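Novice: File input_15.tsv follows (TSV, C-alpha atoms):
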chain	number	residue	atom	x	y	z
A	23	MET	CA	6.70	100.06	-18.12
A	24	SER	CA	4.18	99.49	-15.31
A	25	ARG	CA	2.41	102.52	-13.98
A	26	PHE	CA	3.89	104.22	-10.93
A	27	LEU	CA	1.45	104.09	-8.01
A	28	PRO	CA	2.36	106.50	-5.18
A	29	ALA	CA	0.52	104.47	-2.52
A	30	ASN	CA	2.41	101.29	-3.44
A	31	TYR	CA	5.71	103.15	-3.50
A	32	ARG	CA	5.18	104.70	-0.06
A	33	LEU	CA	4.14	101.35	1.41
A	34	GLN	CA	7.18	99.61	-0.04
A	35	ILE	CA	9.54	102.30	1.28
A	36	LEU	CA	7.91	102.16	4.73
A	37	LEU	CA	8.22	98.38	4.84
A	38	LEU	CA	11.89	98.54	3.86
A	39	MET	CA	12.59	101.21	6.47
A	40	ALA	CA	10.81	99.12	9.10
A	41	LEU	CA	12.91	96.12	8.04
A	42	TYR	CA	16.07	98.23	8.22
A	43	ILE	CA	15.28	99.46	11.73
A	44	GLY	CA	14.25	95.97	12.83
A	45	MET	CA	17.52	94.53	11.53
A	46	LEU	CA	19.51	97.24	13.29
A	47	LEU	CA	17.78	96.54	16.59
A	48	LEU	CA	18.12	92.78	16.31
A	49	GLU	CA	21.43	92.28	14.52
A	50	TRP	CA	23.52	95.14	15.86
A	51	PRO	CA	23.80	93.80	19.42
A	52	LEU	CA	24.39	90.31	17.98
A	53	ALA	CA	27.11	91.57	15.64
A	54	LYS	CA	28.88	93.33	18.52
A	55	ARG	CA	28.93	90.10	20.56
A	56	THR	CA	30.12	87.92	17.66
A	57	ALA	CA	33.80	87.04	17.76
A	58	GLY	CA	34.60	85.67	14.30
A	59	LEU	CA	35.43	88.45	11.81
A	60	PRO	CA	33.71	87.00	8.71
A	61	LEU	CA	30.41	86.39	10.53
A	62	LYS	CA	30.71	89.72	12.35
A	63	THR	CA	31.16	91.49	8.99
A	64	VAL	CA	28.16	89.73	7.43
A	65	LEU	CA	25.93	90.52	10.39
A	66	THR	CA	27.09	94.12	10.51
A	67	LEU	CA	26.40	94.72	6.84
A	68	THR	CA	23.06	92.88	6.60
A	69	PRO	CA	20.97	96.01	7.40
A	70	LEU	CA	22.41	97.45	4.19
A	71	LEU	CA	20.21	95.11	2.16
A	72	PRO	CA	16.85	96.83	2.81
A	73	MET	CA	18.57	100.21	2.45
A	74	ILE	CA	19.95	99.24	-0.98
A	75	ALA	CA	16.51	97.97	-1.96
A	76	ALA	CA	15.00	101.30	-0.88
A	77	LEU	CA	17.57	103.22	-2.93
A	78	TRP	CA	16.75	101.06	-5.95
A	79	LEU	CA	13.03	101.80	-5.47
A	80	ILE	CA	13.74	105.53	-5.23
A	81	ALA	CA	15.88	105.43	-8.38
A	82	ARG	CA	13.17	103.51	-10.24
A	83	ARG	CA	10.57	105.99	-9.04
A	84	ILE	CA	12.64	108.90	-10.34
A	85	MET	CA	13.24	107.19	-13.69
A	86	ARG	CA	9.48	106.72	-14.08
A	87	SER	CA	8.71	110.33	-13.19
A	88	ASP	CA	7.80	112.96	-15.71
A	89	GLU	CA	10.13	115.81	-16.65
A	90	LEU	CA	9.04	118.26	-13.96
A	91	ASP	CA	9.26	115.69	-11.20
A	92	GLN	CA	12.72	114.67	-12.38
A	93	ARG	CA	13.82	118.32	-12.29
A	94	VAL	CA	12.59	118.64	-8.71
A	95	HIS	CA	14.39	115.41	-7.75
A	96	LEU	CA	17.58	116.67	-9.39
A	97	VAL	CA	17.53	119.99	-7.53
A	98	ALA	CA	16.75	118.26	-4.22
A	99	LEU	CA	19.53	115.73	-4.71
A	100	SER	CA	22.02	118.46	-5.69
A	101	VAL	CA	21.24	120.55	-2.61
A	102	ALA	CA	21.32	117.52	-0.31
A	103	THR	CA	24.66	116.38	-1.73
A	104	GLY	CA	26.13	119.87	-1.38
A	105	VAL	CA	24.95	120.41	2.18
A	106	VAL	CA	26.00	116.99	3.46
A	107	SER	CA	29.33	117.19	1.62
A	108	ALA	CA	30.05	120.57	3.20
A	109	LEU	CA	29.12	119.29	6.66
A	110	SER	CA	31.25	116.18	6.17
A	111	LEU	CA	34.19	118.30	5.07
A	112	ALA	CA	33.77	120.58	8.06
A	113	GLY	CA	33.57	117.57	10.38
A	114	GLY	CA	36.65	116.07	8.78
A	115	PHE	CA	38.67	119.27	9.24
A	116	LEU	CA	37.54	119.60	12.86
A	117	ALA	CA	38.42	115.98	13.60
A	118	ALA	CA	41.77	116.19	11.82
A	119	SER	CA	42.75	119.30	13.78
A	120	GLY	CA	41.65	117.74	17.06
A	121	VAL	CA	38.93	120.33	17.74
A	122	VAL	CA	36.36	117.55	18.08
A	123	ALA	CA	36.72	113.82	18.51
A	124	PHE	CA	34.56	111.69	16.21
A	125	ASP	CA	34.49	107.94	15.97
A	126	GLY	CA	33.33	105.80	13.06
A	127	ASP	CA	29.72	105.77	14.27
A	128	ILE	CA	29.22	109.28	12.90
A	129	LEU	CA	29.32	107.87	9.37
A	130	ILE	CA	26.00	106.14	10.00
A	131	TRP	CA	24.37	109.57	10.11
A	132	VAL	CA	25.51	110.62	6.63
A	133	MET	CA	22.70	108.81	4.84
A	134	PRO	CA	19.91	109.97	7.19
A	135	ALA	CA	21.24	113.54	6.89
A	136	LEU	CA	21.22	113.23	3.10
A	137	ALA	CA	17.66	111.87	3.16
A	138	LEU	CA	16.45	114.62	5.47
A	139	VAL	CA	17.90	117.48	3.41
A	140	TYR	CA	16.69	115.80	0.18
A	141	VAL	CA	13.11	115.47	1.45
A	142	ALA	CA	13.06	119.02	2.83
A	143	THR	CA	14.46	120.52	-0.37
A	144	ARG	CA	12.10	118.49	-2.51
A	145	TRP	CA	9.17	119.84	-0.49
A	146	ILE	CA	10.36	123.44	-0.81
A	147	VAL	CA	11.10	123.21	-4.54
A	148	GLY	CA	7.91	121.23	-5.17
A	149	ARG	CA	5.87	124.01	-3.61
A	150	ARG	CA	7.39	126.39	-6.14
A	151	TYR	CA	5.69	124.39	-8.87
A	152	GLY	CA	2.37	124.11	-7.05
A	153	GLY	CA	3.07	121.07	-4.92
A	154	MET	CA	4.49	117.75	-6.07
A	155	GLY	CA	3.72	114.26	-4.93
A	156	CYS	CA	6.06	111.97	-3.00
B	30	MET	CA	15.91	129.22	-2.77
B	31	ALA	CA	13.46	132.08	-3.48
B	32	ALA	CA	16.02	133.77	-5.71
B	33	TRP	CA	16.53	130.51	-7.58
B	34	ALA	CA	12.77	130.15	-8.04
B	35	ALA	CA	12.39	133.69	-9.33
B	36	GLU	CA	15.25	133.19	-11.74
B	37	HIS	CA	13.76	129.98	-13.10
B	38	ALA	CA	10.15	131.21	-13.33
B	39	ALA	CA	8.39	130.12	-16.50
B	40	ALA	CA	8.85	132.64	-19.29
B	41	MET	CA	5.99	131.54	-21.57
B	42	LYS	CA	2.26	132.15	-21.54
B	43	ASN	CA	-0.07	129.45	-22.82
B	44	ARG	CA	-3.68	128.62	-23.65
B	45	LEU	CA	-3.60	125.18	-22.12
B	46	ARG	CA	-6.36	125.77	-19.60
B	47	ASP	CA	-8.69	127.21	-22.24
B	48	LEU	CA	-8.04	124.31	-24.59
B	49	ARG	CA	-8.54	121.80	-21.80
B	50	ASP	CA	-11.83	123.43	-20.80
B	51	LYS	CA	-13.05	123.35	-24.40
B	52	HIS	CA	-12.59	119.59	-24.44
B	53	GLY	CA	-14.23	119.17	-21.04
B	54	TRP	CA	-11.13	117.55	-19.59
B	55	SER	CA	-9.93	117.76	-16.04
B	56	GLN	CA	-6.25	118.33	-15.31
B	57	GLY	CA	-6.03	114.64	-14.51
B	58	ASP	CA	-7.59	113.70	-17.87
B	59	LEU	CA	-5.12	115.89	-19.73
B	60	ALA	CA	-2.23	114.57	-17.65
B	61	GLU	CA	-3.15	111.01	-18.54
B	62	ARG	CA	-3.33	111.84	-22.25
B	63	LEU	CA	0.06	113.55	-22.11
B	64	GLU	CA	1.58	110.86	-19.85
B	65	VAL	CA	2.63	113.37	-17.22
B	66	SER	CA	1.47	114.03	-13.67
B	67	ARG	CA	-1.48	116.26	-12.85
B	68	GLN	CA	0.94	118.54	-11.00
B	69	THR	CA	2.90	119.06	-14.21
B	70	VAL	CA	-0.26	120.08	-16.08
B	71	ASN	CA	-1.15	122.47	-13.28
B	72	ALA	CA	2.36	123.93	-13.24
B	73	ILE	CA	2.24	124.55	-17.01
B	74	GLU	CA	-1.25	126.09	-16.87
B	75	THR	CA	-0.33	128.43	-14.03
B	76	GLY	CA	2.84	129.51	-15.80
B	77	LYS	CA	5.15	128.05	-13.19
B	78	TYR	CA	6.80	125.61	-15.58
B	79	ASP	CA	7.65	125.65	-19.29
B	80	PRO	CA	7.37	122.21	-20.89
B	81	SER	CA	10.26	120.62	-22.76
B	82	LEU	CA	10.14	120.57	-26.53
B	83	PRO	CA	8.98	116.92	-26.77
B	84	LEU	CA	6.17	117.63	-24.32
B	85	ALA	CA	5.23	120.83	-26.15
B	86	PHE	CA	5.01	118.80	-29.37
B	87	ARG	CA	2.81	116.21	-27.64
B	88	ILE	CA	0.53	118.98	-26.40
B	89	ALA	CA	0.33	120.50	-29.88
B	90	LYS	CA	-0.39	117.11	-31.45
B	91	LEU	CA	-3.11	116.38	-28.89
B	92	PHE	CA	-4.93	119.64	-29.60
B	93	ARG	CA	-4.14	119.53	-33.34
B	94	MET	CA	-2.55	122.95	-33.23
B	95	THR	CA	0.92	124.36	-33.70
B	96	ILE	CA	3.13	125.00	-30.68
B	97	GLU	CA	3.07	128.72	-31.46
B	98	ALA	CA	-0.73	128.73	-31.35
B	99	ILE	CA	-0.66	127.33	-27.80
B	100	PHE	CA	2.46	128.91	-26.30
B	101	GLU	CA	3.73	132.43	-26.63
B	102	PRO	CA	6.87	133.94	-25.19
B	103	GLY	CA	6.45	135.99	-22.07
B	104	LYS	CA	8.51	139.03	-21.17
B	105	GLU	CA	12.29	138.37	-21.40
Using structure tokens, write down the structure that the file contains.

Specialist:
Amino acid sequence: MSRFLPANYRLQILLLMALYIGMLLLEWPLAKRTAGLPLKTVLTLTPLLPMIAALWLIARRIMRSDELDQRVHLVALSVATGVVSALSLAGGFLAASGVVAFDGDILIWVMPALALVYVATRWIVGRRYGGMGC
Amino acid sequence: MAAWAAEHAAAMKNRLRDLRDKHGWSQGDLAERLEVSRQTVNAIETGKYDPSLPLAFRIAKLFRMTIEAIFEPGKE
């Protein structure tokens, strides 16, 4: 197994995020203007590709981590999943009861919310062990 | 989060820092020999993390000592 290099990992993630944002900015308006459903679907889902690649990189990074780092990842992922699940459930109840009106666009924010809580929790838990890397 | 951290504080004391110093190794050197991160070595030395059994065996093998000679239980 090749050695995990934090600098390479961060660069790769940054590049994929830049690609994801670039695709959103370029393809989203195009997808909205496209009439045919098959092409519209393909264009709409294309930004998923760099996101899936980023998730694969993150999973590989975790698999290559040592035991303490994996524990920190696990705690961070558990907290992020719990928090975002609770918020999603609350949002679902509010929408179902008509208290608030959400449209499908809100689902786009689930993954960024998960990432944000994951990173924040990882930082907090990592500090407990004397500071962990990325 | 603080309550969780307190509950999961390492329970064992260890001589890892002393043994590392005797060999003239940095935390990074020891981490490389044990195939863990430097942060993990630091966390074990400062008593913030108890290693798993396989890692404890690797540490013992590296220093040619028994696990009990390196780690001792802390207060329960």

Novice: Please check the contacts: residues of chain A at most 9 Å away from chain B, using all atoms listed in the file, listed as a PyMOL selection string.

Specialist: chain A and resi 87-91+146-147+150-155

Novice: Just write the chosen residues, C-alpha atoms, as a short mmCIF file (atom, residue, chain, number, x, y, z; two decimals), in the frame of the given file.

Specialist:
data_model
loop_
_atom_site.label_atom_id
_atom_site.label_comp_id
_atom_site.auth_asym_id
_atom_site.auth_seq_id
_atom_site.Cartn_x
_atom_site.Cartn_y
_atom_site.Cartn_z
CA SER A 87 8.71 110.33 -13.19
CA ASP A 88 7.80 112.96 -15.71
CA GLU A 89 10.13 115.81 -16.65
CA LEU A 90 9.04 118.26 -13.96
CA ASP A 91 9.26 115.69 -11.20
CA ILE A 146 10.36 123.44 -0.81
CA VAL A 147 11.10 123.21 -4.54
CA ARG A 150 7.39 126.39 -6.14
CA TYR A 151 5.69 124.39 -8.87
CA GLY A 152 2.37 124.11 -7.05
CA GLY A 153 3.07 121.07 -4.92
CA MET A 154 4.49 117.75 -6.07
CA GLY A 155 3.72 114.26 -4.93
#

Novice: Please list, as a VMD selection string, the residues that have an atom at most 9 Å away from (1.3, 120.9, -28.8) in the coordinates of this file, counting all atoms listed in the file.

Specialist: chain B and resid 83 to 100

Novice: Applying 12 Å and all atoms listed in the file, which residues near Ser100 (chain A) remain after dropping the ones on its own chain fewer than 4 positions away? List them as a ChimeraX atom specification.

Specialist: /A:93-96,104-107,136-137,139-141,143-144,147

Novice: Keeping C-alpha atoms, export the residues of the selection given above as a compact mmCIF listing (two decimals), in the coordinates of the input.

Specialist:
# COMPACT_ATOMS: atom_id res chain seq x y z
CA ARG A 93 13.82 118.32 -12.29
CA VAL A 94 12.59 118.64 -8.71
CA HIS A 95 14.39 115.41 -7.75
CA LEU A 96 17.58 116.67 -9.39
CA GLY A 104 26.13 119.87 -1.38
CA VAL A 105 24.95 120.41 2.18
CA VAL A 106 26.00 116.99 3.46
CA SER A 107 29.33 117.19 1.62
CA LEU A 136 21.22 113.23 3.10
CA ALA A 137 17.66 111.87 3.16
CA VAL A 139 17.90 117.48 3.41
CA TYR A 140 16.69 115.80 0.18
CA VAL A 141 13.11 115.47 1.45
CA THR A 143 14.46 120.52 -0.37
CA ARG A 144 12.10 118.49 -2.51
CA VAL A 147 11.10 123.21 -4.54

Novice: Please provide as number ranges by chain all residues within 9 Å of region 35-47 of chain A, with the sequence filter that same-chain residues fewer than 6 positions apart are discarded (counting only C-alpha atoms).

Specialist: A: 66, 68-73, 75-76, 79-80

Novice: Keeping C-alpha atoms for every residue in the selection just given, could you write it to a file as a PDB file, in the coordinates of the input?

Specialist:
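Saved result, selection-v2.pdb, follows:
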ATOM      1  CA  THR A  66      27.090  94.120  10.510  1.00  0.00           C
ATOM      2  CA  THR A  68      23.060  92.880   6.600  1.00  0.00           C
ATOM      3  CA  PRO A  69      20.970  96.010   7.400  1.00  0.00           C
ATOM      4  CA  LEU A  70      22.410  97.450   4.190  1.00  0.00           C
ATOM      5  CA  LEU A  71      20.210  95.110   2.160  1.00  0.00           C
ATOM      6  CA  PRO A  72      16.850  96.830   2.810  1.00  0.00           C
ATOM      7  CA  MET A  73      18.570 100.210   2.450  1.00  0.00           C
ATOM      8  CA  ALA A  75      16.510  97.970  -1.960  1.00  0.00           C
ATOM      9  CA  ALA A  76      15.000 101.300  -0.880  1.00  0.00           C
ATOM     10  CA  LEU A  79      13.030 101.800  -5.470  1.00  0.00           C
ATOM     11  CA  ILE A  80      13.740 105.530  -5.230  1.00  0.00           C
TER      12      ILE A  80
END

Novice: One number please: CA of Ser55 (chain B) to CA of Glu74 (chain B), in Å, one decimal.

Specialist: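 These two atoms are separated by 12.1 Å.
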
Novice: CA of Leu59 (chain B) and CA of Asp47 (chain B) are how many Å apart?

Specialist: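 Computing the Euclidean distance for CA of Leu59 (chain B) and CA of Asp47 (chain B) yields 12.1 Å.
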
Novice: Just give me the gap between CA of Leu129 (chain A) and CA of Ala57 (chain A) in Å, one decimal is fine.

Specialist: 22.9 Å

Novice: Give me the box for region 51-63 of chain B as lines of an AutoDock Vina configuration file, namely the centre and edge lengths in Å to one decimal of a box along x, y and z that holds every listed atom plus 6 Å on each side.

Specialist:
center_x = -7.1
center_y = 117.2
center_z = -19.5
size_x = 26.3
size_y = 24.3
size_z = 21.9
